[in-house]
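J.: To start, I am sharing the structure in question, which I have written as structure tokens.
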Amino acid sequence: MATSVRAKRDDSPPPAAPPASPGSRRRRSSRGGLRSTLHRWDIKATPYVFIAPFFLTFAAFGLFPLIYTGWLSLNRVELGGDPTWKGLENYTDLATSEFFWNALLNTFTIGVISTVPQLLMALGLAHLLNYKLRGRGFFRVAILAPYATSIAAATLVFAQLFNTDYGMINGLLGWVGIDPVDWESSKWPAQIAISVIVTWRWTGYNALIYLAAMQAVPQDLYEAASLDGASRLRQFISVTVPSIRPTILFTIIVSTIGATQLFGEPMLYGGSVGISGGSGNQFQTLSLLMYEKGWVTGALGQASAIAWVMLLLLLLIGGVQALVSRRDRTKPRGSTS
Amino acid sequence: MTRTLDTTPVEAASPAPRRRFRPSAGRQHHAGPLTYVLLVVAAVVSLFPLYWNVVAASHTGERVVEAPAPLLPGRRLLDNLSFAWNQVDMGEALVNTTIVASLVALSTVLFSTLAGFAFARLPFRGRGMLLSLVVATMTIPPQLSVIPLYQIITDLGWFDQLQSVVLPSLVAAFGVFFMRQFLVEALPTELVEAARMDGAHSLRIIWHVVFPVARPAMAVLGMLVFVQAWNDFFWPFIALTPDGNPTLQVALAGLGAGNHTVDHAVVLTGALLSTVPLLLVFAFLGKHIVGGITAGAVKS
């Protein structure tokens with residue numbers, strides 16, 4: 001409403017609408033002099049000056065390298081050498097490489113094992129934190145402490161806890177009568193251990209994001225539900241979860257991106273054989289394979305091709321998620337606020 | 001659950017006896033004992049690895065690799081600390097990390113506030129499209145840029161130099177978006193316009209209007225970026241070396257790979273050294289960080 005009033009003042013166009021009347025502003029300046037010319041330039045140029053640092057940084061350290069990586073992926077490049085054209089050969093090589101498919105599959109399985117339980121537990125924790133609680137501040141900071149712990153520190157600690165011979169986790173398992181698990185060289189136990197590290201670091205963070213979204217859910221939705229006799233669990237499933245759907249989607253996207261580029265946890269978990277993802281590549285992810293190709297083998301062209309496969313994967317995932325969220329939005333839904 | 005059962009006489013007498021008046025039902029429920037039990041479990045699981053890090057860092061390397069694992073602190077913490085500090089040069093890594101994280105946090109906050117203000121309150125052509133572009137860049141993983149960046153820093157002679165990890169992180173899309181979301185809510189358009197009417201130019205507006213309003217969000221963003229830069233791993237691991245000019249994470253990676261010592265107590269002392277400064281920040285400012293994370297996410 002305020003916009004319509006403001007639109008009549010020429011030298012300050014409405015902030016929410018695009019500058020639709022450049023003509024009227026130009027005419028106006030003639031009455032000013034130097035000061036008003038400066039003022040006009042200030043208004044026109046300042047926004048671009050303010051956003052320039054971001055876009056320049058992105059152009060130099062994001063966009064240009066991204067395109068250049070694409071070009072390198074079509075070449076044979078040794079570390080320190082000149083590129084020679086290879087066309088799509090790096091990609092066809094990947095398609096027939098068992099290491100590539102192994103890494104792709106590992107990235108996917110570790111991604112699923114680390115993201116799905118993580119987000120479900122975060123949802124549950126957020127629900128619990130949403131009650132009226134004693135010590136609310138303590139619980140919130142406590143579950144966020146793992147987020148402050150670095151990948152390296154967390155992984156080094158968990159590598160000890162998961163040690164097959166003396167680790168505390170096998171100790172606990174032995175206590176309840178389960179035989180020691182080989183958390184390092186067996187494929188699934190190793191992938192589960194790595195997923196536990198990821199889950200430990202991120203569950204609290206996601207729980208707090210969900211909690212914030214839950215607190216923004218309008219109270220009358222709960223009142224209406226409880227008038228209808230809905231139980232608390234019922235309210236959680238049919239009021240809370242649908243209402244925070246955009247936030248859930250946001251965390252799924254962020255976690256998926258994180259899972260696609262997983263690097264530090266498997267590398268440090270593997271110790272001296274970390275870059276190959278364990279002695280039998282049992283937890284080598286795409287990122288690790290890319291690093292191995294680029295900096296151990298010295299084949300930067302092949303490493304670039306792996307990087308671009310990751311980008312294409314993310315675009316694919318992004319496309320699917322955009323479709324899902326659009327379908328959600330077109331569905332008639334009373335709870336969207 | 002017990003609360004839903006008690007009905008006051010007044011309500012019971014009303015024509016619809018099932019109906020209960022419950023103001024603000026969602027949040028005002030008191031937690032039951034089960035909720036506390038589950039939350040205590042979550043807190044223990046979250047904090048135990050950190051506690052055990054302290055325990056392991058205070059024993060000898062032999063004791064750490066003995067079953068059953070130690071549960072109480074030993075007496076070796078100071079010895080391990082001085083060994084890690086002197087032999088493995090965690091001190092230099094600590095200084096490097098502090099420099100990198102501070103520079104990255106300062107510049108990200110400054111540039112993000114300027115860009116966030118422009119996106120929130122200044123009209124310009126292409127604003128909506130450019131903002132979507134900012135958000136879209138968040139999905140590009142660092143893997144897509146490290147190979148050319150590695151070649152560039154090698155050519156410039158910046159390999160193993162701190163500027164090679166600072167420069168690419170001068171400003172982040174997340175920060176721009178974060179400040180934009182905050183300023184859209186917190187900075188009234190009228191305030192900016194009134195300043196313009198008084199003839200203030202944009203720098204004056206930034207200094208006297210935007211910064212004072214944005215200060216709390218700038219502080220939170222600064223802490224979030226500081227934590228992130230402190231813990232950054234992938235690119236520093238490529239651009240720096242554990243034995244040259246490392247950040248803590250790179251030095252830890254060298255320790256973890258057994259470069260200097262296979263003494264696990266010393267390795268875990270290094271891990272502890274890299275975590276303690278951040279945990280101290282959390283202990284003092286945890287509430288604000290919690291608030292910042294939640295504030296940044298609600299609108300996204």
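By convention in this document, the chains of the structure tokens carry letters A, B, ... by their order, each chain's residues are numbered from 1, and ligands are numbered from 1 in the order they are shown.
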Taking 4 positions as the minimum chain separation for residues in the same chain, which residues sit within 7 Å of His264 of chain B when counting only C-alpha atoms? Answer as a PyMOL selection string.

T.: chain B and resi 61+64+268

J.: Using DSSP on the backbone, list every residue of segment 37-132 of chain A that comes out as alpha helix (DSSP H), and give them as a ChimeraX atom specification.

T.: /A:37-58,64-72,89-95,98-129

J.: I'd like the contact shell of Gly292 of chain B - 12 Å cut-off, only C-alpha atoms, skipping same-chain residues fewer than 2 positions apart - returned as a VMD selection string.

T.: (chain A and resid 205 208 to 209 212) or (chain B and resid 175 178 to 179 181 to 182 216 to 225 285 to 290 294 to 298)

J.: Please check the contacts: residues of chain A at most 7 Å away from chain B, using only C-alpha atoms, listed as JSON, numbers by chain.

T.: {"A": [15, 18, 19, 42, 46, 47, 50, 51, 53, 54, 57, 61, 62, 65, 66, 68, 69, 128, 130, 131, 132, 133, 139, 141, 142, 143, 145, 146, 148, 149, 150, 151, 152, 153, 156, 157, 166, 167, 168, 171, 200, 208, 209, 212, 213, 219, 222, 223, 227, 257, 261, 264, 268, 271, 272, 307, 308]}

J.: May I ask for the distance between atom CA of Leu129 of chain A and atom CA of Leu161 of chain A, given in Å to one decimal place?

T.: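 Rounded to one decimal, the two atoms are 28.3 Å apart.
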
J.: Can you work out which one of B:Pro242, B:Ile205, B:Ala214, B:Leu162 has the shortest atom-to-atom distance to Leu103 of chain B, counting only C-alpha atoms?

T.: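 Selected residue with least distance to Leu103 of chain B: B:Leu162.
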
J.: What is the distance between atom CA of Leu288 of chain A and atom CA of Ser186 of chain A, in Å to one decimal?

T.: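 Going from atom CA of Leu288 of chain A over to atom CA of Ser186 of chain A, I get 18.4 Å.
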
J.: Identify, on the basis of only C-alpha atoms, every residue whose closest approach to segment 277-280 of chain A does not exceed 9 Å; exclude the query and any residue fewer than 2 positions from it along the same chain; express the result as a PyMOL selection string.

T.: chain A and resi 103+184-185+187+190+266-267+269-275+282-285+288-289

J.: Print the selection's residues with C-alpha atoms to a file, as a short mmCIF file (atom, residue, chain, number, x, y, z; two decimals), in the first residue's frame.

T.:
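And here's result-v7.cif as it stands now:
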data_model
loop_
_atom_site.label_atom_id
_atom_site.label_comp_id
_atom_site.auth_asym_id
_atom_site.auth_seq_id
_atom_site.Cartn_x
_atom_site.Cartn_y
_atom_site.Cartn_z
CA ALA A 103 32.95 -44.55 -6.06
CA GLU A 184 37.66 -50.65 8.99
CA SER A 185 38.04 -53.25 6.29
CA LYS A 187 32.54 -52.57 3.51
CA ALA A 190 33.08 -48.95 7.44
CA PRO A 266 36.30 -41.03 4.60
CA MET A 267 39.81 -39.73 3.89
CA TYR A 269 38.87 -42.31 8.66
CA GLY A 270 40.99 -44.42 6.32
CA GLY A 271 44.25 -43.13 7.84
CA SER A 272 47.18 -44.03 5.61
CA VAL A 273 44.90 -45.66 3.02
CA GLY A 274 42.31 -42.86 3.22
CA ILE A 275 42.68 -41.45 -0.27
CA GLN A 282 35.35 -49.95 0.15
CA PHE A 283 34.52 -46.37 1.09
CA GLN A 284 36.09 -44.37 -1.72
CA THR A 285 33.73 -41.53 -2.68
CA LEU A 288 38.27 -39.08 -3.06
CA LEU A 289 38.55 -40.67 -6.49
#

J.: For a test of reading the model, state the distance in Å between atom CA of Arg40 of chain A and atom CA of Ala195 of chain B, rounded to one decimal.

T.: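 Computing it gives 14.8 Å between the two atoms.
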
J.: I need the residue nearest Pro83 of chain A from this list: A:Leu314, A:Gln302, A:Ala322, A:Asp228. Use only C-alpha atoms for the distance.

T.: A:Gln302

J.: From the list A:Trp188, A:Trp175, A:Phe55, A:Phe263, which residue is nearest Met290 of chain A when using only C-alpha atoms?

T.: A:Phe263

J.: Report as a list in words all protein, DNA and RNA residues lying within 10 Å of Pro117 of chain A, evaluated on only C-alpha atoms, omitting residues in the same chain fewer than 6 positions from it.

T.: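 My reading of the contact set: Leu123, Ser195, Val196, Thr199 and Thr203 of chain A.
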
J.: Residues of the last selection are to be written out with C-alpha atoms, as a PDB file, in the first residue's frame.

T.:
ATOM      1  CA  LEU A 123      12.927 -33.854  13.108  1.00  0.00           C
ATOM      2  CA  SER A 195      27.928 -42.127   8.184  1.00  0.00           C
ATOM      3  CA  VAL A 196      27.825 -42.029  11.985  1.00  0.00           C
ATOM      4  CA  THR A 199      25.269 -37.810  11.338  1.00  0.00           C
ATOM      5  CA  THR A 203      21.907 -33.768  13.391  1.00  0.00           C
TER       6      THR A 203
END
